[in-house]
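File shown: my_file-v7.csv (CSV, C-alpha atoms).
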```
chain,number,residue,atom,x,y,z
A,1,MET,CA,178.7,92.0,-95.9
A,2,ARG,CA,179.9,88.5,-96.6
A,3,TRP,CA,177.5,85.6,-96.9
A,4,LEU,CA,178.5,82.0,-96.5
A,5,LEU,CA,176.4,79.0,-96.9
A,6,LEU,CA,177.4,75.8,-95.0
A,7,SER,CA,175.7,72.5,-95.1
A,8,SER,CA,176.4,69.1,-93.6
A,9,LEU,CA,174.8,65.9,-92.5
A,10,VAL,CA,175.0,65.3,-88.8
A,11,LEU,CA,174.1,62.1,-87.1
A,12,ASP,CA,171.6,61.9,-84.3
A,13,ALA,CA,173.9,59.6,-82.4
A,14,LEU,CA,177.4,60.5,-81.3
A,15,ALA,CA,178.6,57.0,-81.8
A,16,ASP,CA,178.0,54.2,-84.2
A,17,ASP,CA,174.8,52.3,-83.7
A,18,PRO,CA,175.3,48.9,-81.9
A,19,PRO,CA,174.6,45.9,-84.0
A,20,THR,CA,170.9,45.2,-84.3
A,21,GLU,CA,171.3,41.6,-83.2
A,22,ARG,CA,172.9,42.7,-79.9
A,23,ALA,CA,171.3,44.6,-77.1
A,24,PRO,CA,173.6,46.9,-75.1
A,25,PRO,CA,174.6,45.4,-71.8
A,26,SER,CA,172.7,46.4,-68.7
A,27,PRO,CA,174.6,48.8,-66.6
A,28,ALA,CA,175.7,47.8,-63.1
A,29,LYS,CA,173.8,49.2,-60.2
A,30,TYR,CA,174.6,52.7,-58.9
A,31,MET,CA,173.1,55.3,-56.7
A,32,PRO,CA,170.7,57.7,-58.5
A,33,VAL,CA,171.0,61.4,-58.9
A,34,LEU,CA,169.2,63.3,-56.1
A,35,ASP,CA,167.1,65.8,-58.1
A,36,LYS,CA,166.4,68.0,-55.1
A,37,HIS,CA,170.1,68.6,-54.7
A,38,SER,CA,171.0,68.8,-58.4
A,39,PHE,CA,170.4,70.8,-61.5
A,40,ARG,CA,171.0,69.9,-65.2
A,41,THR,CA,170.4,71.6,-68.5
A,42,PRO,CA,168.2,72.5,-70.2
A,43,ASN,CA,167.0,75.1,-67.6
A,44,ASP,CA,163.5,75.6,-69.0
A,45,LEU,CA,161.7,76.9,-65.9
A,46,VAL,CA,160.8,80.6,-66.3
A,47,ASN,CA,159.4,82.9,-63.6
A,48,GLU,CA,156.1,84.1,-64.9
A,49,PHE,CA,156.4,87.4,-63.2
A,50,THR,CA,160.0,88.4,-64.0
A,51,GLY,CA,160.5,86.4,-67.3
A,52,SER,CA,163.9,85.2,-66.1
A,53,ARG,CA,164.9,81.6,-65.9
A,54,GLN,CA,165.0,79.9,-62.5
A,55,ILE,CA,166.0,76.5,-61.2
A,56,ASP,CA,163.7,74.4,-59.0
A,57,GLY,CA,165.1,74.1,-55.5
A,58,TRP,CA,167.9,76.6,-56.0
A,59,ASP,CA,168.2,80.3,-55.4
A,60,LEU,CA,170.4,82.6,-57.5
A,61,GLY,CA,171.9,85.8,-56.1
A,62,GLY,CA,174.3,88.6,-56.9
A,63,SER,CA,175.4,88.6,-60.5
A,64,ALA,CA,174.3,85.0,-61.2
A,65,VAL,CA,172.0,84.5,-64.2
A,66,ALA,CA,170.4,81.2,-65.3
A,67,HIS,CA,170.5,80.6,-69.1
A,68,ARG,CA,169.0,77.6,-70.9
A,69,SER,CA,172.4,75.8,-71.2
A,70,PHE,CA,174.3,77.0,-68.2
A,71,VAL,CA,174.3,79.2,-65.1
A,72,ARG,CA,176.6,82.2,-65.4
A,73,LEU,CA,177.8,83.2,-61.9
A,74,ASN,CA,179.6,86.3,-63.1
A,75,ALA,CA,180.5,87.7,-66.5
A,76,GLU,CA,183.8,89.1,-67.6
A,77,ARG,CA,183.4,92.3,-65.7
A,78,GLN,CA,185.1,93.8,-62.6
A,79,GLY,CA,183.8,93.6,-59.1
A,80,GLN,CA,181.1,90.9,-59.6
A,81,LYS,CA,179.9,88.3,-57.1
A,82,GLY,CA,177.4,85.7,-57.9
A,83,TRP,CA,176.1,82.5,-56.4
A,84,ILE,CA,173.6,79.6,-56.6
A,85,VAL,CA,172.5,77.8,-53.4
A,86,ASN,CA,170.4,74.7,-52.8
A,87,ARG,CA,167.4,75.1,-50.5
A,88,ASN,CA,167.3,71.5,-49.4
A,89,PRO,CA,169.5,70.2,-46.5
A,90,PHE,CA,171.6,67.1,-47.3
A,91,SER,CA,172.0,64.7,-44.4
A,92,GLU,CA,173.1,61.4,-46.1
A,93,GLN,CA,176.2,59.5,-45.0
A,94,GLY,CA,178.6,60.6,-47.7
A,95,PHE,CA,178.1,62.1,-51.2
A,96,SER,CA,179.4,61.9,-54.7
A,97,LEU,CA,179.3,65.3,-56.5
A,98,GLU,CA,179.9,65.9,-60.2
A,99,MET,CA,180.1,69.4,-61.6
A,100,GLU,CA,180.9,70.7,-65.1
A,101,LEU,CA,182.2,74.3,-65.1
A,102,ARG,CA,183.7,76.7,-67.6
A,103,ALA,CA,186.1,79.4,-66.5
A,104,SER,CA,187.0,81.5,-69.5
A,105,GLY,CA,188.2,84.9,-70.6
A,106,GLY,CA,190.1,86.8,-73.2
A,107,SER,CA,193.4,87.3,-71.5
A,108,PRO,CA,196.0,84.4,-71.3
A,109,TYR,CA,197.9,86.2,-68.4
A,110,LEU,CA,195.7,88.4,-66.3
A,111,TYR,CA,192.5,87.0,-64.9
A,112,GLY,CA,190.6,86.2,-61.6
A,113,ASP,CA,189.4,85.6,-59.1
A,114,GLY,CA,187.8,82.2,-59.2
A,115,LEU,CA,184.9,80.1,-57.9
A,116,ALA,CA,184.0,77.8,-55.0
A,117,ILE,CA,181.9,74.8,-54.2
A,118,TRP,CA,180.3,75.0,-50.8
A,119,PHE,CA,178.8,72.4,-48.4
A,120,VAL,CA,178.0,74.5,-45.3
A,121,ASP,CA,175.7,74.4,-42.3
A,122,SER,CA,173.5,77.4,-43.3
A,123,TYR,CA,171.3,77.9,-46.4
A,124,GLU,CA,171.7,81.6,-46.1
A,125,HIS,CA,174.3,83.0,-48.4
A,126,ILE,CA,175.8,86.3,-47.3
A,127,GLU,CA,178.0,88.1,-49.9
A,128,GLY,CA,181.6,88.4,-48.8
A,129,PRO,CA,185.3,88.3,-49.8
A,130,VAL,CA,185.8,84.5,-50.1
A,131,PHE,CA,184.9,83.9,-53.8
A,132,GLY,CA,181.6,85.7,-53.3
A,133,ARG,CA,180.7,84.4,-49.8
A,134,GLU,CA,181.2,85.7,-46.3
A,135,ASP,CA,184.3,84.7,-44.3
A,136,TYR,CA,184.1,82.4,-41.2
A,137,TRP,CA,181.9,79.8,-42.9
A,138,LYS,CA,181.1,76.6,-41.1
A,139,GLY,CA,181.7,73.5,-43.3
A,140,LEU,CA,183.6,72.7,-46.4
A,141,GLY,CA,184.8,75.0,-49.2
A,142,ILE,CA,186.5,73.7,-52.4
A,143,PHE,CA,188.2,76.7,-54.1
A,144,PHE,CA,189.1,77.1,-57.8
A,145,ASP,CA,191.6,79.9,-57.5
A,146,THR,CA,192.8,81.5,-60.7
A,147,PHE,CA,194.3,84.7,-59.3
A,148,GLN,CA,198.0,84.7,-58.4
A,149,ASN,CA,198.8,87.5,-56.1
A,150,ILE,CA,202.3,88.6,-57.2
A,151,ASP,CA,202.8,90.5,-53.9
A,152,HIS,CA,203.1,87.2,-52.1
A,153,GLN,CA,205.1,84.0,-52.6
A,154,HIS,CA,203.2,80.8,-53.2
A,155,HIS,CA,204.0,77.1,-52.7
A,156,HIS,CA,201.9,76.3,-55.8
A,157,ARG,CA,201.1,77.3,-59.3
A,158,HIS,CA,197.9,78.9,-60.4
A,159,PRO,CA,195.2,78.0,-61.2
A,160,TYR,CA,195.1,76.2,-57.9
A,161,ILE,CA,192.3,73.9,-56.6
A,162,TYR,CA,192.1,73.2,-52.8
A,163,ALA,CA,189.8,72.3,-50.0
A,164,VAL,CA,189.4,73.9,-46.6
A,165,VAL,CA,187.3,72.8,-43.7
A,166,ASN,CA,186.3,75.6,-41.3
A,167,ASP,CA,184.5,75.3,-38.0
A,168,GLY,CA,183.2,78.9,-38.2
A,169,THR,CA,186.0,80.4,-36.2
A,170,MET,CA,188.8,80.6,-38.7
A,171,HIS,CA,189.6,83.6,-40.9
A,172,TYR,CA,190.3,82.9,-44.6
A,173,VAL,CA,193.8,84.0,-45.7
A,174,PRO,CA,194.3,83.4,-49.4
A,175,ASP,CA,198.2,83.4,-49.2
A,176,ALA,CA,199.6,80.6,-47.1
A,177,GLU,CA,202.8,82.5,-46.3
A,178,LYS,CA,200.8,85.5,-44.8
A,179,LYS,CA,200.4,84.3,-41.2
A,180,GLU,CA,199.2,86.0,-38.1
A,181,GLN,CA,200.3,85.2,-34.6
A,182,ASP,CA,197.8,82.3,-34.1
A,183,SER,CA,197.7,80.1,-37.2
A,184,THR,CA,195.0,77.9,-35.7
A,185,LYS,CA,192.5,80.7,-36.3
A,186,GLN,CA,193.3,80.8,-40.0
A,187,ALA,CA,191.8,79.0,-43.0
A,188,LEU,CA,194.9,78.6,-45.2
A,189,PRO,CA,195.1,77.2,-48.7
A,190,GLY,CA,197.1,73.9,-48.7
A,191,ALA,CA,197.4,73.9,-44.9
A,192,ALA,CA,196.0,70.4,-44.6
A,193,GLU,CA,198.1,67.5,-46.0
A,194,ASN,CA,197.2,66.6,-49.6
A,195,SER,CA,194.4,69.1,-49.9
A,196,GLY,CA,195.1,70.8,-53.2
A,197,CYS,CA,196.6,70.7,-56.7
A,198,SER,CA,197.5,72.9,-59.6
A,199,PHE,CA,195.4,72.3,-62.7
A,200,ASP,CA,194.9,74.6,-65.7
A,201,PHE,CA,191.1,74.4,-65.9
A,202,ARG,CA,190.7,77.9,-67.4
A,203,TYR,CA,190.1,78.5,-71.1
A,204,HIS,CA,191.3,81.6,-72.9
A,205,GLU,CA,191.3,82.6,-76.6
A,206,ALA,CA,194.9,81.6,-77.1
A,207,ARG,CA,194.4,78.0,-76.0
A,208,HIS,CA,194.4,75.5,-78.9
A,209,ASP,CA,191.3,73.7,-77.5
A,210,VAL,CA,189.2,76.7,-76.7
A,211,SER,CA,185.5,76.1,-77.6
A,212,VAL,CA,182.1,76.8,-76.1
A,213,LEU,CA,181.6,73.1,-76.1
A,214,ASN,CA,184.7,72.3,-73.9
A,215,HIS,CA,184.3,72.3,-70.2
A,216,THR,CA,186.0,71.1,-67.0
A,217,ARG,CA,184.5,68.1,-65.2
A,218,VAL,CA,184.9,67.9,-61.4
A,219,HIS,CA,184.2,64.7,-59.4
A,220,VAL,CA,184.3,65.0,-55.6
A,221,PHE,CA,183.3,62.4,-53.0
A,222,LEU,CA,183.2,62.4,-49.3
A,223,LYS,CA,183.0,59.0,-47.7
A,224,ASP,CA,184.2,57.6,-44.3
A,225,ALA,CA,186.2,60.8,-43.5
A,226,VAL,CA,188.0,60.7,-46.9
A,227,LEU,CA,187.5,63.6,-49.3
A,228,LYS,CA,188.8,62.9,-52.8
A,229,MET,CA,188.7,65.1,-55.9
A,230,ARG,CA,189.7,64.6,-59.5
A,231,VAL,CA,189.3,66.7,-62.6
A,232,GLN,CA,189.3,66.2,-66.4
A,233,GLN,CA,188.7,68.3,-69.5
A,234,THR,CA,185.8,67.5,-71.8
A,235,TYR,CA,185.4,68.1,-75.5
A,236,MET,CA,183.0,67.3,-78.3
A,237,GLY,CA,182.5,63.5,-78.1
A,238,GLY,CA,185.1,62.7,-75.5
A,239,GLU,CA,187.2,63.7,-72.5
A,240,THR,CA,190.8,63.5,-71.2
A,241,ASP,CA,192.0,61.1,-68.6
A,242,TRP,CA,191.2,62.0,-65.0
A,243,TYR,CA,193.7,64.0,-63.1
A,244,GLU,CA,193.9,63.0,-59.4
A,245,CYS,CA,193.8,66.4,-57.6
A,246,PHE,CA,193.8,65.5,-53.9
A,247,GLN,CA,192.7,63.0,-51.3
A,248,MET,CA,192.3,64.3,-47.8
A,249,ARG,CA,192.0,61.9,-44.9
A,250,ASN,CA,190.4,62.4,-41.4
A,251,VAL,CA,188.0,65.0,-42.7
A,252,GLN,CA,185.6,65.9,-40.0
A,253,LEU,CA,182.9,68.3,-40.9
A,254,PRO,CA,181.5,70.5,-38.1
A,255,MET,CA,177.9,69.6,-38.8
A,256,THR,CA,175.7,66.6,-39.5
A,257,SER,CA,173.8,68.1,-42.4
A,258,GLY,CA,174.5,70.9,-44.8
A,259,TYR,CA,173.6,72.8,-47.9
A,260,PHE,CA,175.3,72.8,-51.3
A,261,GLY,CA,176.1,75.9,-53.3
A,262,VAL,CA,178.5,77.4,-55.8
A,263,SER,CA,179.8,81.0,-55.9
A,264,ALA,CA,182.3,83.0,-57.9
A,265,ALA,CA,183.8,86.5,-57.9
A,266,THR,CA,185.9,88.9,-60.0
A,267,GLY,CA,188.0,91.8,-58.7
A,268,ASP,CA,190.1,94.1,-60.8
A,269,LEU,CA,190.8,91.1,-63.0
A,270,VAL,CA,188.0,89.2,-64.6
A,271,ASP,CA,186.7,86.0,-66.1
A,272,ASN,CA,183.4,84.3,-67.0
A,273,HIS,CA,182.4,81.6,-64.5
A,274,ASP,CA,179.8,79.3,-65.8
A,275,ILE,CA,178.2,76.1,-64.3
A,276,ILE,CA,176.9,73.6,-66.8
A,277,HIS,CA,175.4,71.1,-64.4
A,278,PHE,CA,175.7,70.1,-60.7
A,279,THR,CA,174.7,66.6,-59.6
A,280,VAL,CA,174.7,65.0,-56.2
A,281,ARG,CA,174.3,61.3,-55.4
A,282,SER,CA,174.3,59.6,-52.0
A,283,LEU,CA,177.0,57.2,-50.9
A,284,ALA,CA,175.1,55.9,-47.9
A,285,ASP,CA,175.1,52.3,-49.2
A,286,VAL,CA,178.2,52.4,-51.4
A,287,ASP,CA,181.5,50.6,-50.6
A,288,ASP,CA,183.5,51.8,-53.6
A,289,PRO,CA,182.6,55.4,-54.6
A,290,LEU,CA,184.8,55.3,-57.7
A,291,ALA,CA,183.2,52.2,-59.1
A,292,ASP,CA,179.8,53.6,-58.3
A,293,TYR,CA,180.6,56.7,-60.3
A,294,GLU,CA,181.9,54.7,-63.3
A,295,HIS,CA,178.7,52.6,-63.3
A,296,TRP,CA,176.6,55.8,-63.2
A,297,MET,CA,178.6,57.5,-65.9
A,298,THR,CA,178.4,54.5,-68.2
A,299,ALA,CA,174.6,54.6,-67.8
A,300,GLU,CA,174.6,58.3,-68.5
A,301,LYS,CA,176.6,57.9,-71.7
A,302,GLN,CA,174.3,55.1,-72.9
A,303,SER,CA,171.4,57.4,-72.3
A,304,VAL,CA,172.9,60.1,-74.4
A,305,ARG,CA,173.7,57.8,-77.2
A,306,THR,CA,170.1,56.5,-77.4
A,307,CYS,CA,168.4,59.9,-76.9
A,308,SER,CA,168.1,61.3,-80.4
A,309,PRO,CA,166.8,64.8,-79.5
A,310,PHE,CA,169.7,65.5,-77.2
A,311,ALA,CA,172.3,64.2,-79.6
A,312,SER,CA,170.7,66.3,-82.3
A,313,ARG,CA,171.0,69.5,-80.2
A,314,VAL,CA,174.7,68.7,-79.5
A,315,ALA,CA,175.3,68.2,-83.3
A,316,LEU,CA,173.7,71.5,-84.1
A,317,LEU,CA,175.8,73.2,-81.5
A,318,PHE,CA,178.9,71.7,-83.1
A,319,HIS,CA,177.8,72.9,-86.5
A,320,ALA,CA,177.3,76.4,-85.2
A,321,GLU,CA,180.7,76.4,-83.6
A,322,ARG,CA,182.3,75.3,-86.9
A,323,ALA,CA,180.6,78.1,-88.7
A,324,ARG,CA,181.7,80.7,-86.3
A,325,ALA,CA,185.3,79.4,-86.6
A,326,GLN,CA,185.1,80.3,-90.3
A,327,GLY,CA,184.5,84.0,-89.4
A,328,CYS,CA,180.7,84.1,-89.1
A,329,ALA,CA,179.5,86.9,-86.8
A,330,SER,CA,176.0,85.5,-86.6
A,331,VAL,CA,174.6,82.1,-87.6
A,332,PHE,CA,171.2,81.0,-88.6
A,333,ILE,CA,170.7,77.2,-88.5
A,334,ALA,CA,167.9,75.2,-90.0
A,335,SER,CA,167.6,71.4,-90.1
A,336,ARG,CA,165.3,68.8,-91.6
A,337,GLU,CA,165.3,65.0,-91.9
A,338,PRO,CA,167.3,63.9,-94.9
A,339,PRO,CA,165.9,61.4,-97.5
A,340,SER,CA,167.8,58.5,-96.0
A,341,PRO,CA,166.5,55.0,-95.7
A,342,LYS,CA,167.4,54.8,-92.0
A,343,GLY,CA,166.3,58.4,-91.2
A,344,LYS,CA,169.2,58.7,-88.7
A,345,GLY,CA,170.4,62.2,-89.4
A,346,HIS,CA,169.5,65.8,-90.0
A,347,LEU,CA,170.6,67.9,-93.0
A,348,VAL,CA,171.8,71.0,-91.4
A,349,MET,CA,172.2,74.3,-93.3
A,350,SER,CA,173.6,77.6,-91.9
A,351,ILE,CA,173.7,81.0,-93.3
A,352,CYS,CA,176.1,83.4,-91.7
A,353,ALA,CA,177.0,87.1,-92.3
```
Just give me the structure of the file as structure tokens.
Amino acid sequence: MRWLLLSSLVLDALADDPPTERAPPSPAKYMPVLDKHSFRTPNDLVNEFTGSRQIDGWDLGGSAVAHRSFVRLNAERQGQKGWIVNRNPFSEQGFSLEMELRASGGSPYLYGDGLAIWFVDSYEHIEGPVFGREDYWKGLGIFFDTFQNIDHQHHHRHPYIYAVVNDGTMHYVPDAEKKEQDSTKQALPGAAENSGCSFDFRYHEARHDVSVLNHTRVHVFLKDAVLKMRVQQTYMGGETDWYECFQMRNVQLPMTSGYFGVSAATGDLVDNHDIIHFTVRSLADVDDPLADYEHWMTAEKQSVRTCSPFASRVALLFHAERARAQGCASVFIASREPPSPKGKGHLVMSICA
């Protein structure tokens, strides 16, 4: 057994403190997060009868399990389907949705199947073949498809992200070239103009940036019959530029209110599909959804920088990740306030075997 002692001083804040003579600027106005349609870590609510974690206002099903720092829809095992659905109907005029996900696995070549964001007319989730949900859904599905079926040709690269609106009568066909006689009764990937993009949102062990702290951030908004989506990779202390995925116009949903949900599935090929957080905000009184999002995100980042307990937890996670990178199979971490005049840090020590 090999023992290794690591120690470091980690700051409570992720950025330098602002000058004491200046107060940070007040953020512009933005629409708040609708808590009854959202969930964010930590997931500390525990069912007193089962002992399992649960999320207020949401139901988990299938293989989905709530952990303190994420919701795992399915693990890296074959034939799993998991989902989380919101119990509260959303009827506002437009929404802005942000989700952080982590799709990951050991293989750089063979993996699947993917996950989906749902905004549909029914709260009831019936397990089925469309990323863990039944076919012939009524509403909007946004699919993160990682499985490339080599038996069919594709007009896109995988992983592929795309949106499909279904009125409840169309059969989902995962390969756009596989058509029946009446294509109007099919929900086809990429059938609508500018409805999808190829983006490598999946992490695997061979990627240079693989880390438990790195995720994929998704921003979707629906406003005035325009559905727009963009994605970016996040990492410790920053993020990449936004990648504009698609912008669909003349989007008409077949219902006036709906329910949010997320589902995922594996088949013969597998991956882990985790959701870090899922936030929904109304766009009812918003003229510019992108500006509204930027104002909200600026306020969120300011909140993180001034919230010492949260920043400390992130720093501890970073220290544990660094220790594991040096070959630690298990890590024990302890921290205490250092003897510094400002008292702005923790002295972190870890022992690993």
Worksheet item: Arg40 in chain A: which residues within 9 Å, counting only C-alpha atoms, same-chain residues fewer than 2 positions away excluded, as a PyMOL selection string?
Response: chain A and resi 38+42-43+69-70+276-279
Worksheet item: Which value, in Å to one decimal, gives the distance between CA of His158 in chain A and CA of Phe199 in chain A?
Response: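 Taking CA of His158 in chain A and CA of Phe199 in chain A, their separation equals 7.4 Å.
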Worksheet item: Which residues, written as an MDAnalysis selection string, have at least one atom at most 12 Å from Phe144 in chain A, with only C-alpha atoms counted and residues fewer than 5 positions away on the same chain left out?
Response: chainID A and resid 101:103 112:118 130:131 158:164 174 189 196:202 216 218 231 245 262:265 273
Item to complete: To one decimal in Å, tell me the separation between CA of Asp145 in chain A and CA of Arg157 in chain A.
Response: 10.0 Å
Worksheet item: From the set A:Ala187, A:Leu45, A:Leu60, A:Val270, which residue has the shortest atom-to-atom contact distance to Arg77 in chain A, counting only C-alpha atoms?
Response: A:Val270
Worksheet entry | Between CA of Phe90 in chain A and CA of Glu294 in chain A - distance in Å to one decimal | 22.7 Å
Item to complete: Could you tell me which of A:Ile84, A:Val220, A:Val251, A:Ala75 comes closest to Gly106 in chain A if we count all atoms listed in the file?
Response: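 Looking only at the distances to Gly106 in chain A, the closest residue turns out to be A:Ala75.
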